[in-house]
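Data file: input03.cif. Format and content: mmCIF, C-alpha atoms.
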```cif
data_input
loop_
_atom_site.label_atom_id
_atom_site.label_comp_id
_atom_site.auth_asym_id
_atom_site.auth_seq_id
_atom_site.Cartn_x
_atom_site.Cartn_y
_atom_site.Cartn_z
CA MET A 1 40.41 127.75 82.98
CA ARG A 2 40.28 128.08 86.73
CA PHE A 3 37.12 130.20 86.90
CA ILE A 4 33.92 130.05 84.90
CA ASN A 5 32.56 133.56 85.10
CA ASN A 6 33.68 137.14 85.52
CA ILE A 7 32.10 137.70 88.93
CA MET A 8 33.84 134.70 90.49
CA ILE A 9 37.21 135.82 89.11
CA ARG A 10 36.91 139.25 90.68
CA ASP A 11 35.62 137.90 93.99
CA GLU A 12 38.48 135.43 94.25
CA ILE A 13 41.16 138.04 93.57
CA ILE A 14 39.61 140.49 96.05
CA LYS A 15 39.49 137.72 98.65
CA ILE A 16 43.24 137.22 98.24
CA LEU A 17 44.15 140.90 98.28
CA ASP A 18 41.72 142.48 100.74
CA VAL A 19 43.89 141.54 103.70
CA GLU A 20 45.82 143.97 105.87
CA PRO A 21 49.41 143.82 104.57
CA LYS A 22 52.02 142.57 107.01
CA GLN A 23 54.63 144.80 105.37
CA THR A 24 54.49 148.33 104.02
CA GLY A 25 56.83 150.28 101.78
CA LEU A 26 57.07 147.48 99.22
CA TYR A 27 55.46 149.56 96.48
CA ASP A 28 58.10 152.25 97.02
CA GLN A 29 60.73 149.52 97.01
CA LEU A 30 59.46 148.40 93.61
CA LYS A 31 59.94 151.94 92.34
CA ASP A 32 63.45 151.92 93.81
CA CYS A 33 64.25 148.89 91.61
CA LEU A 34 63.51 150.64 88.32
CA TYR A 35 66.15 152.98 86.90
CA PHE A 36 65.46 155.53 84.17
CA GLN A 37 67.56 157.98 82.23
CA TYR A 38 66.68 161.45 83.50
CA GLU A 39 68.63 164.07 81.56
CA ASP A 40 72.23 162.78 81.88
CA VAL A 41 71.77 160.76 85.06
CA SER A 42 70.37 157.31 85.77
CA MET A 43 67.84 157.62 88.59
CA SER A 44 65.27 155.36 90.22
CA LEU A 45 61.59 156.06 89.73
CA SER A 46 61.34 157.01 93.42
CA GLU A 47 64.10 159.61 93.03
CA ILE A 48 62.47 161.07 89.94
CA GLU A 49 59.09 161.32 91.66
CA LYS A 50 60.63 163.35 94.48
CA MET A 51 61.94 165.87 91.95
CA LEU A 52 58.87 166.23 89.77
CA SER A 53 55.23 167.10 90.38
CA ASP A 54 52.57 164.46 90.93
CA LYS A 55 51.10 165.26 87.53
CA GLU A 56 54.38 164.46 85.77
CA THR A 57 54.92 161.14 87.53
CA ARG A 58 51.39 159.83 88.00
CA GLY A 59 51.50 157.39 85.08
CA PHE A 60 52.96 154.42 86.97
CA ASP A 61 50.45 154.88 89.79
CA SER A 62 47.60 155.35 87.30
CA TRP A 63 48.21 151.92 85.78
CA PHE A 64 48.25 150.11 89.12
CA LYS A 65 45.27 152.10 90.35
CA GLY A 66 43.43 151.07 87.18
CA ILE A 67 44.18 147.40 87.88
CA ILE A 68 42.61 147.58 91.33
CA HIS A 69 39.61 149.60 90.11
CA SER A 70 38.99 147.03 87.36
CA LEU A 71 38.11 144.57 90.11
CA TYR A 72 35.14 146.83 90.81
CA TYR A 73 33.99 147.07 87.18
CA LYS A 74 35.79 150.29 86.26
CA THR A 75 37.79 149.40 83.16
CA ASN A 76 41.47 150.38 83.14
CA GLU A 77 42.12 152.50 80.04
CA TYR A 78 45.82 152.97 80.85
CA VAL A 79 48.52 150.83 79.21
CA LEU A 80 52.00 150.43 80.69
CA VAL A 81 54.65 150.45 77.95
CA LEU A 82 58.10 149.37 79.15
CA GLU A 83 60.90 150.29 76.76
CA GLY A 84 64.43 148.95 76.94
CA ASP A 85 66.31 145.72 77.54
CA ILE A 86 63.72 144.24 79.87
CA PRO A 87 62.96 140.53 80.37
CA PHE A 88 59.86 139.40 78.55
CA ASN A 89 58.41 138.04 81.81
CA PHE A 90 59.16 141.05 84.04
CA ILE A 91 55.53 141.77 85.00
CA GLU A 92 54.83 138.07 85.39
CA LYS A 93 57.57 138.04 88.04
CA LEU A 94 55.51 140.55 90.05
CA PHE A 95 52.86 137.92 90.74
CA PRO A 96 53.11 135.51 93.69
CA GLU A 97 52.19 131.85 93.27
CA GLU A 98 48.73 132.58 94.67
CA MET A 99 48.05 134.90 91.72
CA LYS A 100 49.83 133.25 88.79
CA TYR A 101 46.50 132.55 87.09
CA CYS A 102 45.87 136.34 86.99
CA TYR A 103 48.51 136.82 84.30
CA HIS A 104 48.28 136.07 80.58
CA VAL A 105 50.35 136.68 77.44
CA SER A 106 48.67 137.26 74.08
CA LEU A 107 50.62 137.91 70.91
CA ASN A 108 47.82 137.46 68.41
CA SER A 109 46.46 140.98 68.04
CA SER A 110 44.39 140.04 64.99
CA LYS A 111 42.07 137.73 66.96
CA VAL A 112 41.91 139.53 70.27
CA GLU A 113 38.11 139.40 70.41
CA GLU A 114 38.25 135.59 70.45
CA ASP A 115 40.66 135.29 73.36
CA CYS A 116 38.69 134.48 76.51
CA ASN A 117 41.79 135.11 78.65
CA PHE A 118 41.18 138.83 78.23
CA TYR A 119 37.89 138.19 79.95
CA SER A 120 39.40 136.28 82.87
CA SER A 121 42.90 137.69 83.51
CA LEU A 122 43.85 140.63 85.72
CA VAL A 123 46.90 141.64 83.64
CA VAL A 124 47.60 140.81 80.02
CA MET A 125 50.81 141.34 78.08
CA PHE A 126 49.69 142.39 74.64
CA SER A 127 51.50 143.03 71.37
CA PHE A 128 49.82 146.17 70.03
CA SER A 129 49.48 147.05 66.40
CA LYS A 130 48.23 150.25 64.83
CA LYS A 131 44.81 148.64 64.46
CA THR A 132 44.47 147.73 68.16
CA LEU A 133 45.51 150.98 69.88
CA TRP A 134 41.81 151.66 70.49
CA LEU A 135 41.41 148.52 72.59
CA PRO A 136 42.23 149.91 76.08
CA LYS A 137 39.46 152.50 75.77
CA GLU A 138 36.81 149.83 75.27
CA ASP A 139 34.60 149.16 78.30
CA ASN A 140 33.05 145.88 77.24
CA PHE A 141 34.57 142.68 76.01
CA ILE A 142 32.68 140.08 74.00
CA ILE A 143 33.59 136.41 73.85
CA PHE A 144 32.94 134.72 70.51
CA GLU A 145 32.70 131.28 68.93
CA GLU A 146 34.23 128.22 70.61
CA ASN A 147 35.36 130.14 73.69
CA THR A 148 31.73 130.60 74.71
CA LYS A 149 31.68 126.97 75.79
CA LYS A 150 34.12 127.81 78.61
CA LEU A 151 31.92 130.40 80.29
CA ILE A 152 28.47 130.27 81.88
CA GLU A 153 27.50 133.74 80.66
CA PRO A 154 29.69 134.37 77.61
CA SER A 155 28.01 137.50 76.30
CA SER A 156 29.41 140.92 77.18
CA ASP A 157 30.74 142.36 80.43
CA LYS A 158 33.18 144.93 81.74
CA ARG A 159 36.67 143.92 80.72
CA LEU A 160 38.82 142.85 83.66
CA ALA A 161 42.19 142.77 81.90
CA SER A 162 44.69 145.63 82.20
CA TYR A 163 47.21 145.81 79.36
CA TYR A 164 50.96 146.30 79.21
CA THR A 165 53.64 145.69 76.64
CA ILE A 166 57.43 145.36 76.53
CA THR A 167 59.38 146.60 73.55
CA ASP A 168 62.84 147.74 72.51
CA LYS A 169 61.31 150.90 71.06
CA TRP A 170 57.70 152.08 71.18
CA GLN A 171 56.85 152.87 67.56
CA PHE A 172 53.53 154.67 67.91
CA PRO A 173 52.90 158.36 68.66
CA GLN A 174 52.33 159.12 72.31
CA ARG A 175 48.73 158.84 73.52
CA ASN A 176 47.47 160.07 76.86
CA ASN A 177 46.50 156.61 78.07
CA PHE A 178 49.76 154.90 77.02
CA ILE A 179 52.36 155.30 79.79
CA VAL A 180 55.75 154.91 78.10
CA LEU A 181 58.68 154.35 80.46
CA HIS A 182 62.23 153.75 79.20
CA ILE A 183 63.99 151.58 81.76
CA ASN A 184 67.79 151.62 81.83
CA SER A 185 68.25 148.89 84.39
CA ILE A 186 66.61 146.92 87.19
CA ASP A 187 68.05 146.25 90.63
CA TRP A 188 67.29 142.53 90.66
CA ASP A 189 68.55 141.89 94.21
CA LYS A 190 66.13 144.47 95.57
CA PHE A 191 63.37 143.22 93.27
CA GLU A 192 63.74 139.59 94.34
CA SER A 193 63.67 140.57 98.02
CA ILE A 194 60.12 141.93 97.69
CA ASP A 195 57.36 139.70 99.03
CA LYS A 196 55.10 139.78 95.98
CA LEU A 197 51.88 138.80 97.76
CA GLU A 198 52.40 141.53 100.37
CA LEU A 199 53.25 143.94 97.55
CA TRP A 200 49.89 143.33 95.86
CA ARG A 201 48.05 143.61 99.17
CA GLU A 202 49.71 146.98 99.74
CA ILE A 203 48.82 148.09 96.20
CA PHE A 204 45.23 146.97 96.78
CA LYS A 205 44.96 148.93 100.03
CA LYS A 206 46.58 152.00 98.46
CA PHE A 207 44.26 152.15 95.45
CA LYS A 208 41.07 150.45 96.62
CA PRO A 209 38.24 152.77 95.57
CA ASP A 210 35.61 154.39 97.73
CA LEU A 211 32.80 152.06 96.68
CA LEU A 212 30.03 154.40 97.77
CA GLY A 213 31.68 157.24 95.88
CA MET A 214 31.90 155.09 92.75
CA ARG A 215 28.23 154.16 92.96
CA ILE A 216 26.99 157.75 93.17
CA GLY A 217 29.46 159.03 90.60
CA LEU A 218 31.84 160.95 92.87
CA ILE A 219 34.82 158.74 92.02
CA LYS A 220 35.89 158.59 88.39
#
```
As structure tokens, how would this structure be written, given the file I've shared?
Amino acid sequence: MRFINNIMIRDEIIKILDVEPKQTGLYDQLKDCLYFQYEDVSMSLSEIEKMLSDKETRGFDSWFKGIIHSLYYKTNEYVLVLEGDIPFNFIEKLFPEEMKYCYHVSLNSSKVEEDCNFYSSLVVMFSFSKKTLWLPKEDNFIIFEENTKKLIEPSSDKRLASYYTITDKWQFPQRNNFIVLHINSIDWDKFESIDKLELWREIFKKFKPDLLGMRIGLIK
């Protein structure tokens, strides 16, 4: 494990991301890469957003906003569910080399409470079951048993990890905090041309919270 406590993890990620991006428009370019079936036409997420209201298309933004806010101890309750023929490592490909340690895959939903990577990863790919749909709503995360040896303060803290999953077909009824997107195709040439570190710095700047507002309860 690269880091030994929750505070250091957050501080290190913020240090990487809290830099003025050299490029802008990369987040929109990411949306241009993702194609969805809208009625009888395949359209990019950017095109769909221009047609619909903010309320109808806010899910994608809500997940990324939740990731950034989790760095400031506001747990992300949103889950990104990607449906379709999508590579297993799609989200992992969003991370630059400088942030590879921020990503983790967990397929053992029965022992989630024992997995210290949920404590120390920014984004976690998780295989949900009916019994674990409650997990994203939980604020705290407790590390148990042998994993406590890996952390200085292994008790309970705000969960850092934001969850997503990839599936051929989402089998559970829709919940407000599960953002289900059926992707038809991905423009890989456009995707690969995105500077991933600059993308995350742009996302950080776009969604970085008003810290004073969070402290006095104005920002939820």
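This file, filtered with the PyMOL selection byres ((chain A and resi 203) around 8), gives the residues Tyr27, Phe64, Lys65, Ile68, Leu199, Trp200, Arg201, Glu202, Phe204, Lys205, Lys206 and Phe207 of chain A.
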Residues from the last selection, C-alpha atoms, saved as an mmCIF file, in the frame of the given file:
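Once written, again.cif looks like this:
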```cif
data_model
loop_
_atom_site.group_PDB
_atom_site.id
_atom_site.type_symbol
_atom_site.label_atom_id
_atom_site.label_comp_id
_atom_site.auth_asym_id
_atom_site.auth_seq_id
_atom_site.Cartn_x
_atom_site.Cartn_y
_atom_site.Cartn_z
ATOM 1 C CA TYR A 27 55.460 149.560 96.480
ATOM 2 C CA PHE A 64 48.250 150.110 89.120
ATOM 3 C CA LYS A 65 45.270 152.100 90.350
ATOM 4 C CA ILE A 68 42.610 147.580 91.330
ATOM 5 C CA LEU A 199 53.250 143.940 97.550
ATOM 6 C CA TRP A 200 49.890 143.330 95.860
ATOM 7 C CA ARG A 201 48.050 143.610 99.170
ATOM 8 C CA GLU A 202 49.710 146.980 99.740
ATOM 9 C CA PHE A 204 45.230 146.970 96.780
ATOM 10 C CA LYS A 205 44.960 148.930 100.030
ATOM 11 C CA LYS A 206 46.580 152.000 98.460
ATOM 12 C CA PHE A 207 44.260 152.150 95.450
#
```
(request) Just say which residues the PyMOL selection byres ((chain A and resi 180) around 10) picks in this file, as a ChimeraX atom specification. (result) /A:59-60,79-83,164-166,169-170,174-179,181-183
(request) Return the single residue from A:Glu138, A:Asp40, A:Asp32, A:Asp85 that is closest to Asp189 in chain A, with distances computed using only C-alpha atoms. (result) A:Asp32
With the file shown as input, list the residues that the PyMOL selection byres ((chain A and resi 72) around 12) selects, as a CSV table (one decimal) with C-alpha atoms, in the coordinates of the input.
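Just written: selection19.csv:
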```csv
chain,number,residue,atom,x,y,z
A,6,ASN,CA,33.7,137.1,85.5
A,7,ILE,CA,32.1,137.7,88.9
A,9,ILE,CA,37.2,135.8,89.1
A,10,ARG,CA,36.9,139.2,90.7
A,11,ASP,CA,35.6,137.9,94.0
A,13,ILE,CA,41.2,138.0,93.6
A,14,ILE,CA,39.6,140.5,96.0
A,65,LYS,CA,45.3,152.1,90.4
A,66,GLY,CA,43.4,151.1,87.2
A,67,ILE,CA,44.2,147.4,87.9
A,68,ILE,CA,42.6,147.6,91.3
A,69,HIS,CA,39.6,149.6,90.1
A,70,SER,CA,39.0,147.0,87.4
A,71,LEU,CA,38.1,144.6,90.1
A,73,TYR,CA,34.0,147.1,87.2
A,74,LYS,CA,35.8,150.3,86.3
A,75,THR,CA,37.8,149.4,83.2
A,76,ASN,CA,41.5,150.4,83.1
A,122,LEU,CA,43.8,140.6,85.7
A,158,LYS,CA,33.2,144.9,81.7
A,159,ARG,CA,36.7,143.9,80.7
A,160,LEU,CA,38.8,142.8,83.7
A,204,PHE,CA,45.2,147.0,96.8
A,207,PHE,CA,44.3,152.2,95.4
A,208,LYS,CA,41.1,150.4,96.6
A,209,PRO,CA,38.2,152.8,95.6
A,210,ASP,CA,35.6,154.4,97.7
A,211,LEU,CA,32.8,152.1,96.7
A,212,LEU,CA,30.0,154.4,97.8
A,214,MET,CA,31.9,155.1,92.8
A,215,ARG,CA,28.2,154.2,93.0
A,219,ILE,CA,34.8,158.7,92.0
```
(request) Enumerate, as a PyMOL selection string, the protein, DNA and RNA residues whose atoms approach (58.3, 153.3, 90.2) to within 12 Å, taking into account all atoms listed in the file and the coordinate frame of the file. (result) chain A and resi 26-36+43-50+57-64+80+82+181-183+186+191
(request) Would you work out the distance separating CA of Phe126 in chain A from CA of His104 in chain A, expressed in Å to one decimal? (result) 8.8 Å
(request) To one decimal in Å, tell me the separation between CA of Glu39 in chain A and CA of Phe172 in chain A. (result)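 Distance between the two atoms: 22.4 Å.
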(request) Figure out the distance between CA of Ser162 in chain A and CA of Glu198 in chain A, please, to one decimal in Å. (result) 20.2 Å
(message) Using all atoms listed in the file, can you tell me which of A:Met99, A:Ile16, A:Met51, A:Pro173 comes closest to Lys130 in chain A?
(response) A:Pro173
(message) Just checking: using all atoms listed in the file, which residue out of A:Lys100, A:Lys131, A:Lys93, A:Lys15 ends up closest to Ile194 in chain A?
(response) A:Lys93
